[in-house]
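What follows is a single structure, written as structure tokens, with notes after it.
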Amino acid sequence: MGQYEVYSHPILQRYRTSIWTGATFLQLFCTILLFVLPLLVAYRSHGFWIKEQIYREIPKVAFQGEIIVVLDATTTSGSTTFNNPIVWSSNGNFNKLLETSLKLPIVESYEEDANNDGFPDFLDLTITFSINNNIKIYGAQMLLKFQYVLQNFAKLDMESLCYIERSARRPGSKLTATGDLAFVQRRPLPHRGLVSSPTTAGWTPTSASLNDFDPFEMTSEYRKQDYTTKFEGETSWSSEDSSSSFTVSARVYYPDQVFSYAPGFWELIKWAWVQYLSVFAIVYIVLDRLKTFAFQYQVVPTVIVSPVHKFHRG
């Protein structure tokens with residue numbers, strides 16, 4: 001009658017030695033190497049301690065209705081042409097300071113929630129100036145102010161600026177801009193808590209000096225902050241020698257963006273532990289095969305203790 005294997009189990013082979021022998025030092029060396037080598041490999045592979053992580057979030061952005069527009073204009077009177085910039089702001093103090101250059105435009109703006117998530121997705125803004133035929137526009141600057149909020153990880157609530165600028169060699173009748181309000185960070189956000197950042201940007205209701213309303217200077221000063229925004233997109237210039245109006249038209253989107261942050265303690269430990277264990281498993285297998293070879297073939301002398309077998313015959 002034929003036979004078949006009904007059960008199997010490994011036989012445990014034991015190797016004994018005294019303390020001051022080569023076998024003891026081999027076991028000690030392999031044990032130390034088993035724990036130290038994975039740590040060295042994981043650390044030297046650059047990434048054991050992550051200093052920066054990223055996540056994606058849709059910021060909560062709202063246009064505050066605060067605007068500064070400066071048009072680079074020239075005025076021709078007889079045979080004389082001279083620079084005569086046209087300015088306008090939603091700030092009454094600024095308008096009072098520049099009464100000679102002030103020109104009131106027609107302003108149309110609205111924000112739309114395209115995906116019905118309860119937050120606006122973009123701003124449509126149109127500003128139209130009526131100008132005389134002897135006035136030529138060669139460039140335009142516009143500064144817009146927004147409220148910018150992040151809340152998934154760290155809590156950030158700040159005022160942000162959007163600077164749009166275009167200049168041309170030929171006079172024009174319209175500046176069109178389409179792009180995103182992009183977040184710029186000089187350092188990672190904290191992983192939680194309230195971000196300590198200036199809550200105001202650009203001009204304030206109490207600003208009373210001309211230097212406080214220079215779009216370029218305000219933007220340059222604003223860029224020094226750790227967390228800012230900027231306009232990223234395309235601008236187009238419609239050239240026209242004679243026109244009775246000049247229009248600034250802008251569409252600014254509020255897209256979801258990738259933000260970097262500094263991981264917390266437990267995230268650091270979790271990431272380091274995963275890397276350590278992945279290398280540890282490989283080192284353990286290699287060292288185990290090495291020790292099996294060394295003891296089985298008596299590379300280092302030991303006393304072999306064989307298991308006691310008991311057979312039951314039926």
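Every chain in the structure tokens has a letter given in the order shown (A, B, ...), and although residue numbers restart at 1 in each chain, ligands are simply numbered from 1 in the order shown.
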Query raised in the report: Skipping near chain neighbours, those fewer than 4 positions away, what residues fall within 12 Å of Ser167 of chain A using only C-alpha atoms, listed as a list in words?
Result: Val70, Leu71, Asp72, Ala73, Ile137, Tyr138, Gly139, Ala140, Gln141, Met142, Pro171, Gly172, Lys174, Leu175, Thr235, Ser236, Trp237, Ser238 and Ser239 of chain A
Selected residues written out, C-alpha atoms, as a compact mmCIF listing (two decimals), in the first residue's frame:
```txt
# COMPACT_ATOMS: atom_id res chain seq x y z
CA VAL A 70 -2.70 103.47 -12.38
CA LEU A 71 -2.70 104.16 -16.14
CA ASP A 72 0.50 105.27 -17.84
CA ALA A 73 -0.97 108.04 -19.96
CA ILE A 137 -2.59 104.96 -22.67
CA TYR A 138 0.73 103.07 -22.87
CA GLY A 139 0.43 100.88 -19.82
CA ALA A 140 -1.66 99.93 -16.84
CA GLN A 141 -1.11 98.69 -13.29
CA MET A 142 -3.84 97.23 -11.11
CA PRO A 171 -1.21 103.18 -27.20
CA GLY A 172 -4.05 100.86 -26.38
CA LYS A 174 -7.93 97.60 -23.41
CA LEU A 175 -5.91 95.41 -21.07
CA THR A 235 -2.26 89.48 -20.33
CA SER A 236 -3.16 90.92 -23.71
CA TRP A 237 -3.02 94.49 -24.98
CA SER A 238 -5.47 95.86 -27.54
CA SER A 239 -3.71 98.59 -29.50
```
Query raised in the report: Residues at most 9 Å from Leu102 of chain A, counting only C-alpha atoms, excluding those fewer than 6 positions away in the same chain, as a PyMOL selection string?
Result: chain A and resi 85-89+95-96
Selection above as a file: all heavy atoms, as a compact mmCIF listing (two decimals), in the first residue's frame:
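To be explicit, this is the file written out as out_11.txt:
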```txt
# COMPACT_ATOMS: atom_id res chain seq x y z
N PRO A 85 -0.34 110.65 -15.74
CA PRO A 85 -0.96 109.38 -15.34
C PRO A 85 -2.38 109.57 -14.82
O PRO A 85 -2.72 110.60 -14.24
CB PRO A 85 -0.03 108.87 -14.23
CG PRO A 85 0.70 110.07 -13.75
CD PRO A 85 0.84 110.98 -14.91
N ILE A 86 -3.17 108.55 -15.08
CA ILE A 86 -4.56 108.51 -14.60
C ILE A 86 -4.63 107.49 -13.48
O ILE A 86 -4.17 106.35 -13.63
CB ILE A 86 -5.52 108.14 -15.74
CG1 ILE A 86 -5.48 109.22 -16.83
CG2 ILE A 86 -6.94 107.97 -15.22
CD1 ILE A 86 -6.28 108.85 -18.06
N VAL A 87 -5.21 107.87 -12.37
CA VAL A 87 -5.27 106.97 -11.22
C VAL A 87 -6.69 106.93 -10.68
O VAL A 87 -7.47 107.87 -10.85
CB VAL A 87 -4.30 107.41 -10.10
CG1 VAL A 87 -2.86 107.36 -10.57
CG2 VAL A 87 -4.65 108.80 -9.60
N TRP A 88 -6.96 105.84 -10.04
CA TRP A 88 -8.22 105.70 -9.30
C TRP A 88 -8.06 104.60 -8.27
O TRP A 88 -7.33 103.61 -8.49
CB TRP A 88 -9.40 105.35 -10.22
CG TRP A 88 -10.65 105.05 -9.41
CD1 TRP A 88 -11.49 105.94 -8.84
CD2 TRP A 88 -11.14 103.75 -9.06
NE1 TRP A 88 -12.49 105.31 -8.16
CE2 TRP A 88 -12.30 103.95 -8.28
CE3 TRP A 88 -10.72 102.44 -9.33
CZ2 TRP A 88 -13.04 102.89 -7.76
CZ3 TRP A 88 -11.45 101.39 -8.82
CH2 TRP A 88 -12.61 101.62 -8.05
N SER A 89 -8.72 104.77 -7.15
CA SER A 89 -8.67 103.77 -6.08
C SER A 89 -10.02 103.71 -5.39
O SER A 89 -10.79 104.68 -5.40
CB SER A 89 -7.57 104.11 -5.08
OG SER A 89 -7.66 103.28 -3.94
N ASN A 95 -7.66 108.90 -3.32
CA ASN A 95 -8.29 109.75 -4.32
C ASN A 95 -8.14 111.24 -3.98
O ASN A 95 -7.98 112.08 -4.87
CB ASN A 95 -9.76 109.38 -4.47
CG ASN A 95 -9.94 107.98 -5.03
OD1 ASN A 95 -9.04 107.43 -5.66
ND2 ASN A 95 -11.10 107.38 -4.77
N LYS A 96 -8.18 111.57 -2.70
CA LYS A 96 -8.04 112.98 -2.30
C LYS A 96 -6.63 113.48 -2.55
O LYS A 96 -6.43 114.66 -2.85
CB LYS A 96 -8.39 113.13 -0.82
CG LYS A 96 -9.87 112.92 -0.51
CD LYS A 96 -10.13 113.04 0.98
CE LYS A 96 -11.59 112.78 1.30
NZ LYS A 96 -11.87 112.86 2.77
```
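Here atom CA of Pro38 of chain A is placed at a distance of 27.6 Å from atom CA of Gln298 of chain A.
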Requested in this report: List every residue of segment 78-300 of chain A that DSSP, applied to the backbone, labels as alpha helix (DSSP H), and write the result as a ChimeraX atom specification.
Outcome: /A:92-97,215-222,265-296
Requested in this report: Go through A:Gln3, A:Ile127, A:Tyr254, A:Asn116 and flag the residue nearest Lys103 of chain A, using only C-alpha atoms for the distances.
Outcome: A:Ile127
Query - Surrounding residues of Ala23 of chain A excluding itself and chain neighbours under 3 positions, 8 Å, only C-alpha atoms, as a VMD selection string - result: chain A and resid 17 26 to 27 300 to 302
**Report entry** Spatial neighbours of Ile67 of chain A, max dist 6 Å, only C-alpha atoms, sep filter under 2 positions, as JSON, numbers by chain
**Finding:** {"A": [89, 90, 143, 144]}
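Using only C-alpha atoms, the smallest distance between any of A:Ile58, A:Ala281, A:Met218, A:Cys30 and Gln151 of chain A comes from A:Ile58.
Among A:Tyr222, A:Tyr284, A:Phe293, A:Trp271, the residue with the shortest atom-to-atom distance to Gly47 of chain A, counting only C-alpha atoms, is A:Trp271.
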Query - Nearest-residue call for Pro307 of chain A, choices A:Leu12, A:Val283, A:Ala272, A:Leu189, using only C-alpha atoms - result: A:Leu12
Query - Contacts of Leu194 of chain A within 8 Å, only C-alpha atoms, excl. fewer than 5 positions in-chain, as a VMD selection string - result: chain A and resid 154 to 156
How would the residues just chosen look if you wrote them out with all heavy atoms as an mmCIF file, in the first residue's frame?
```cif
data_model
loop_
_atom_site.group_PDB
_atom_site.id
_atom_site.type_symbol
_atom_site.label_atom_id
_atom_site.label_comp_id
_atom_site.auth_asym_id
_atom_site.auth_seq_id
_atom_site.Cartn_x
_atom_site.Cartn_y
_atom_site.Cartn_z
ATOM 1 N N ALA A 154 -2.719 73.827 9.000
ATOM 2 C CA ALA A 154 -2.565 75.055 9.770
ATOM 3 C C ALA A 154 -3.677 76.037 9.402
ATOM 4 O O ALA A 154 -4.244 75.993 8.315
ATOM 5 C CB ALA A 154 -1.195 75.673 9.502
ATOM 6 N N LYS A 155 -3.992 76.911 10.327
ATOM 7 C CA LYS A 155 -5.036 77.920 10.112
ATOM 8 C C LYS A 155 -4.363 79.227 9.698
ATOM 9 O O LYS A 155 -3.644 79.836 10.483
ATOM 10 C CB LYS A 155 -5.860 78.113 11.392
ATOM 11 C CG LYS A 155 -6.500 76.835 11.925
ATOM 12 C CD LYS A 155 -7.493 76.265 10.924
ATOM 13 C CE LYS A 155 -8.227 75.059 11.476
ATOM 14 N NZ LYS A 155 -7.384 73.863 11.564
ATOM 15 N N LEU A 156 -4.620 79.627 8.454
ATOM 16 C CA LEU A 156 -4.046 80.857 7.922
ATOM 17 C C LEU A 156 -5.170 81.755 7.431
ATOM 18 O O LEU A 156 -5.990 81.339 6.606
ATOM 19 C CB LEU A 156 -3.081 80.547 6.776
ATOM 20 C CG LEU A 156 -2.513 81.745 6.011
ATOM 21 C CD1 LEU A 156 -1.640 82.587 6.931
ATOM 22 C CD2 LEU A 156 -1.725 81.292 4.795
#
```
Query raised in the report: Mind checking DSSP for segment 149-297 of chain A and telling me the strand (DSSP E) residues as a ChimeraX atom specification?
Result: /A:149-150,156-167,172-185,189-190,227-239,245-253,257-262
